[in-house]
Amino acid sequence: MNLLLTASTVFTLIALYFVFSMARHARRRRPVRATRSLAGGAVSACAGGASIMLAFSYYGYSRLVDEQYIGKLKFTESAPEQYVARLMLEDERDRMFEVLGDEWQLDARVVTWKPPATLLGLDPIFQLDRLSGRYSTVDEERSKVRSVHSLSEPVALDVWRFARKYPKLMPGVDAHYGTATYLPMAHGAIFEVTMTRTGLIARPINEEAENAVGQWGQ
């Protein structure tokens, strides 16, 4: 994080130097040197902007180190194929969602690094993206009402969104969805969710959840 902030500060100062240099050459009617300063300033400004975006995203996302505990999900059946999901994340207030179907699915955004960004020594970062309901058959998926809830707030400086929209401008960033996890819903079932470098993992942690998983697909 400190390295990213330092890099953004350095590139910003370099960009300002090129701006003042361009203005000086323009006043002295040196168009070639002014153009070179403009190009140098543009490159430095882009590098500084990318560093700032990486720094903000690295702060806003969670670092992915080994298997990491995310939280728990508890389901209460309110009607056939209709559940209230209680999402219990660490250091956050519990949130309640209506989830339709037989199964639940959790998706996460994951950002990993490729050269040249690997030189910064950054850990992969992730952020929970959405919670949705699923049906056990394809026909039901096509015909019945589905439910999906966003778990992340849009931000202006989001390296994940920017890298997916403009991949050629972020050559060191690999932005993708982590492996989504999904399991059956049941009244009173509680699941524990963790994140690994290969994706999300959900495990039943009470009898109701274990029974639901044991009867899944039968």
# chains A, B, ... in the order shown; residues from 1 in each chain; ligands from 1
>>> residues_around(residues="region 80-85 of chain A", least_positions_apart="4", cutoff="9 Å", atoms="only C-alpha atoms", output="PDB file with N, CA and C atoms, in the first residue's frame")
ATOM      1  N   LEU A  73     -23.781 -17.735   6.403  1.00  0.00           N
ATOM      2  CA  LEU A  73     -25.106 -17.512   5.826  1.00  0.00           C
ATOM      3  C   LEU A  73     -26.097 -18.424   6.535  1.00  0.00           C
ATOM      4  N   LYS A  74     -27.183 -17.834   7.039  1.00  0.00           N
ATOM      5  CA  LYS A  74     -28.236 -18.611   7.676  1.00  0.00           C
ATOM      6  C   LYS A  74     -29.532 -18.395   6.901  1.00  0.00           C
ATOM      7  N   PHE A  75     -30.280 -19.478   6.685  1.00  0.00           N
ATOM      8  CA  PHE A  75     -31.490 -19.409   5.869  1.00  0.00           C
ATOM      9  C   PHE A  75     -32.721 -19.768   6.694  1.00  0.00           C
ATOM     10  N   THR A  76     -33.773 -18.964   6.517  1.00  0.00           N
ATOM     11  CA  THR A  76     -35.058 -19.195   7.167  1.00  0.00           C
ATOM     12  C   THR A  76     -36.120 -19.260   6.081  1.00  0.00           C
ATOM     13  N   ARG A  95     -26.819  -8.528   7.323  1.00  0.00           N
ATOM     14  CA  ARG A  95     -27.743  -8.068   6.289  1.00  0.00           C
ATOM     15  C   ARG A  95     -28.717  -9.186   5.942  1.00  0.00           C
ATOM     16  N   MET A  96     -29.967  -8.804   5.630  1.00  0.00           N
ATOM     17  CA  MET A  96     -31.020  -9.767   5.323  1.00  0.00           C
ATOM     18  C   MET A  96     -31.428  -9.616   3.858  1.00  0.00           C
ATOM     19  N   PHE A  97     -31.617 -10.765   3.179  1.00  0.00           N
ATOM     20  CA  PHE A  97     -32.000 -10.765   1.774  1.00  0.00           C
ATOM     21  C   PHE A  97     -33.067 -11.824   1.531  1.00  0.00           C
ATOM     22  N   GLU A  98     -33.990 -11.517   0.627  1.00  0.00           N
ATOM     23  CA  GLU A  98     -34.959 -12.520   0.194  1.00  0.00           C
ATOM     24  C   GLU A  98     -34.351 -13.277  -0.984  1.00  0.00           C
ATOM     25  N   VAL A  99     -34.282 -14.593  -0.859  1.00  0.00           N
ATOM     26  CA  VAL A  99     -33.665 -15.428  -1.892  1.00  0.00           C
ATOM     27  C   VAL A  99     -34.684 -16.462  -2.354  1.00  0.00           C
ATOM     28  N   LEU A 100     -34.906 -16.524  -3.666  1.00  0.00           N
ATOM     29  CA  LEU A 100     -35.890 -17.436  -4.234  1.00  0.00           C
ATOM     30  C   LEU A 100     -35.209 -18.641  -4.868  1.00  0.00           C
ATOM     31  N   GLY A 101     -35.842 -19.805  -4.728  1.00  0.00           N
ATOM     32  CA  GLY A 101     -35.316 -21.001  -5.365  1.00  0.00           C
ATOM     33  C   GLY A 101     -35.043 -22.121  -4.377  1.00  0.00           C
ATOM     34  N   ASP A 102     -34.235 -23.086  -4.825  1.00  0.00           N
ATOM     35  CA  ASP A 102     -33.853 -24.231  -3.996  1.00  0.00           C
ATOM     36  C   ASP A 102     -32.419 -24.121  -3.496  1.00  0.00           C
ATOM     37  N   GLU A 103     -31.626 -23.305  -4.185  1.00  0.00           N
ATOM     38  CA  GLU A 103     -30.198 -23.198  -3.887  1.00  0.00           C
ATOM     39  C   GLU A 103     -29.792 -21.730  -3.799  1.00  0.00           C
ATOM     40  N   TYR A 135     -32.459 -22.412  -9.011  1.00  0.00           N
ATOM     41  CA  TYR A 135     -33.401 -23.528  -8.996  1.00  0.00           C
ATOM     42  C   TYR A 135     -32.665 -24.797  -9.410  1.00  0.00           C
ATOM     43  N   MET A 185     -30.597 -24.651  -0.133  1.00  0.00           N
ATOM     44  CA  MET A 185     -31.159 -23.919   1.007  1.00  0.00           C
ATOM     45  C   MET A 185     -32.091 -24.834   1.796  1.00  0.00           C
ATOM     46  N   ALA A 186     -32.178 -24.578   3.094  1.00  0.00           N
ATOM     47  CA  ALA A 186     -33.095 -25.321   3.966  1.00  0.00           C
ATOM     48  C   ALA A 186     -33.380 -24.460   5.184  1.00  0.00           C
ATOM     49  N   HIS A 187     -34.547 -24.674   5.781  1.00  0.00           N
ATOM     50  CA  HIS A 187     -34.925 -23.889   6.955  1.00  0.00           C
ATOM     51  C   HIS A 187     -33.954 -24.138   8.105  1.00  0.00           C
TER      52      HIS A 187
END
>>> select_by_dssp(residues="region 78-161 of chain A", states="strand (DSSP E)", output="PyMOL selection string")
chain A and resi 78-79+82-89+95-100+103-113+125-134+148-150
>>> write_last_selection(atoms="N, CA and C atoms", output="CSV table (one decimal), in the first residue's frame")
chain,number,residue,atom,x,y,z
A,78,SER,N,-39.6,-18.9,4.4
A,78,SER,CA,-40.7,-18.0,4.6
A,78,SER,C,-41.9,-18.5,3.8
A,79,ALA,N,-41.7,-19.3,2.8
A,79,ALA,CA,-42.7,-19.9,1.9
A,79,ALA,C,-42.0,-20.9,1.0
A,82,GLN,N,-38.9,-20.0,-1.1
A,82,GLN,CA,-38.7,-18.6,-0.7
A,82,GLN,C,-38.0,-18.5,0.7
A,83,TYR,N,-36.8,-17.9,0.8
A,83,TYR,CA,-36.1,-17.9,2.0
A,83,TYR,C,-35.6,-16.5,2.4
A,84,VAL,N,-35.4,-16.3,3.6
A,84,VAL,CA,-34.7,-15.1,4.1
A,84,VAL,C,-33.3,-15.5,4.5
A,85,ALA,N,-32.3,-14.9,3.8
A,85,ALA,CA,-30.9,-15.2,4.0
A,85,ALA,C,-30.3,-14.1,4.9
A,86,ARG,N,-29.7,-14.6,6.0
A,86,ARG,CA,-29.0,-13.6,6.9
A,86,ARG,C,-27.5,-13.8,6.6
A,87,LEU,N,-26.9,-12.7,6.1
A,87,LEU,CA,-25.5,-12.7,5.8
A,87,LEU,C,-24.7,-12.1,6.9
A,88,MET,N,-23.8,-12.9,7.5
A,88,MET,CA,-23.1,-12.4,8.7
A,88,MET,C,-21.6,-12.4,8.3
A,89,LEU,N,-21.1,-11.2,8.0
A,89,LEU,CA,-19.7,-11.0,7.7
A,89,LEU,C,-18.9,-10.4,8.8
A,95,ARG,N,-26.8,-8.5,7.3
A,95,ARG,CA,-27.7,-8.1,6.3
A,95,ARG,C,-28.7,-9.2,5.9
A,96,MET,N,-30.0,-8.8,5.6
A,96,MET,CA,-31.0,-9.8,5.3
A,96,MET,C,-31.4,-9.6,3.9
A,97,PHE,N,-31.6,-10.8,3.2
A,97,PHE,CA,-32.0,-10.8,1.8
A,97,PHE,C,-33.1,-11.8,1.5
A,98,GLU,N,-34.0,-11.5,0.6
A,98,GLU,CA,-35.0,-12.5,0.2
A,98,GLU,C,-34.4,-13.3,-1.0
A,99,VAL,N,-34.3,-14.6,-0.9
A,99,VAL,CA,-33.7,-15.4,-1.9
A,99,VAL,C,-34.7,-16.5,-2.4
A,100,LEU,N,-34.9,-16.5,-3.7
A,100,LEU,CA,-35.9,-17.4,-4.2
A,100,LEU,C,-35.2,-18.6,-4.9
A,103,GLU,N,-31.6,-23.3,-4.2
A,103,GLU,CA,-30.2,-23.2,-3.9
A,103,GLU,C,-29.8,-21.7,-3.8
A,104,TRP,N,-28.7,-21.5,-3.2
A,104,TRP,CA,-28.1,-20.1,-3.1
A,104,TRP,C,-26.7,-20.1,-3.7
A,105,GLN,N,-26.4,-19.0,-4.3
A,105,GLN,CA,-25.1,-18.8,-4.9
A,105,GLN,C,-24.4,-17.5,-4.5
A,106,LEU,N,-23.1,-17.6,-4.2
A,106,LEU,CA,-22.4,-16.4,-3.8
A,106,LEU,C,-21.2,-16.2,-4.8
A,107,ASP,N,-21.1,-15.0,-5.3
A,107,ASP,CA,-20.0,-14.7,-6.3
A,107,ASP,C,-19.1,-13.6,-5.7
A,108,ALA,N,-17.9,-13.7,-6.1
A,108,ALA,CA,-16.9,-12.7,-5.7
A,108,ALA,C,-16.0,-12.2,-6.8
A,109,ARG,N,-15.6,-10.9,-6.7
A,109,ARG,CA,-14.6,-10.4,-7.7
A,109,ARG,C,-13.2,-10.7,-7.2
A,110,VAL,N,-12.4,-11.1,-8.0
A,110,VAL,CA,-11.0,-11.4,-7.7
A,110,VAL,C,-10.0,-10.6,-8.6
A,111,VAL,N,-9.0,-10.0,-8.0
A,111,VAL,CA,-8.0,-9.3,-8.8
A,111,VAL,C,-6.6,-10.0,-8.5
A,112,THR,N,-6.0,-10.5,-9.5
A,112,THR,CA,-4.6,-11.0,-9.4
A,112,THR,C,-3.7,-10.2,-10.3
A,113,TRP,N,-2.4,-10.4,-10.1
A,113,TRP,CA,-1.5,-9.6,-10.8
A,113,TRP,C,-0.6,-10.4,-11.7
A,125,ILE,N,-6.4,-9.7,-4.4
A,125,ILE,CA,-7.5,-9.0,-3.6
A,125,ILE,C,-8.8,-9.5,-4.1
A,126,PHE,N,-9.8,-9.4,-3.2
A,126,PHE,CA,-11.2,-9.9,-3.6
A,126,PHE,C,-12.2,-9.0,-2.9
A,127,GLN,N,-13.4,-9.1,-3.4
A,127,GLN,CA,-14.6,-8.5,-2.8
A,127,GLN,C,-15.8,-9.3,-3.2
A,128,LEU,N,-16.7,-9.5,-2.2
A,128,LEU,CA,-17.9,-10.2,-2.5
A,128,LEU,C,-18.8,-9.4,-3.4
A,129,ASP,N,-19.4,-10.0,-4.4
A,129,ASP,CA,-20.1,-9.2,-5.5
A,129,ASP,C,-21.6,-9.4,-5.4
A,130,ARG,N,-22.1,-10.6,-5.3
A,130,ARG,CA,-23.6,-10.8,-5.3
A,130,ARG,C,-24.0,-12.1,-4.7
A,131,LEU,N,-25.2,-12.1,-4.2
A,131,LEU,CA,-25.9,-13.2,-3.6
A,131,LEU,C,-27.1,-13.5,-4.4
A,132,SER,N,-27.3,-14.7,-4.9
A,132,SER,CA,-28.5,-15.0,-5.8
A,132,SER,C,-29.1,-16.3,-5.4
A,133,GLY,N,-30.3,-16.5,-5.9
A,133,GLY,CA,-31.0,-17.8,-5.7
A,133,GLY,C,-31.0,-18.6,-7.0
A,134,ARG,N,-31.0,-19.9,-6.9
A,134,ARG,CA,-31.0,-20.8,-8.0
A,134,ARG,C,-32.1,-21.8,-7.9
A,148,VAL,N,-31.5,-11.7,-7.2
A,148,VAL,CA,-30.1,-11.5,-7.1
A,148,VAL,C,-29.9,-10.2,-6.3
A,149,HIS,N,-28.9,-10.1,-5.5
A,149,HIS,CA,-28.6,-9.0,-4.6
A,149,HIS,C,-27.2,-8.6,-4.7
A,150,SER,N,-26.9,-7.3,-4.9
A,150,SER,CA,-25.6,-6.8,-5.0
A,150,SER,C,-25.0,-6.7,-3.6
>>> closest_residue(among="A:Lys72, A:Arg161, A:Arg203, A:Arg142", to="Leu183 (chain A)", atoms="only C-alpha atoms")
A:Arg203
>>> closest_residue(among="A:Gln215, A:Thr179, A:Gln68, A:Ser136", to="Thr198 (chain A)", atoms="only C-alpha atoms")
A:Thr179
>>> closest_residue(among="A:Glu77, A:Ser143, A:Gly199, A:Gly71", to="Asp91 (chain A)", atoms="only C-alpha atoms")
A:Gly71
>>> select_by_dssp(residues="region 178-211 of chain A", states="alpha helix (DSSP H)", output="PyMOL selection string")
chain A and resi 207-211
>>> write_last_selection(atoms="N, CA and C atoms", output="compact mmCIF listing (two decimals), in the first residue's frame")
# COMPACT_ATOMS: atom_id res chain seq x y z
N GLU A 207 -26.72 -29.16 11.66
CA GLU A 207 -27.41 -30.38 11.22
C GLU A 207 -28.33 -30.10 10.04
N GLU A 208 -29.06 -28.98 10.08
CA GLU A 208 -29.99 -28.66 8.99
C GLU A 208 -29.24 -28.50 7.66
N ALA A 209 -28.10 -27.83 7.70
CA ALA A 209 -27.33 -27.64 6.48
C ALA A 209 -26.73 -28.96 5.99
N GLU A 210 -26.24 -29.79 6.92
CA GLU A 210 -25.67 -31.09 6.54
C GLU A 210 -26.73 -32.00 5.92
N ASN A 211 -27.93 -31.97 6.48
CA ASN A 211 -29.02 -32.78 5.92
C ASN A 211 -29.39 -32.31 4.52
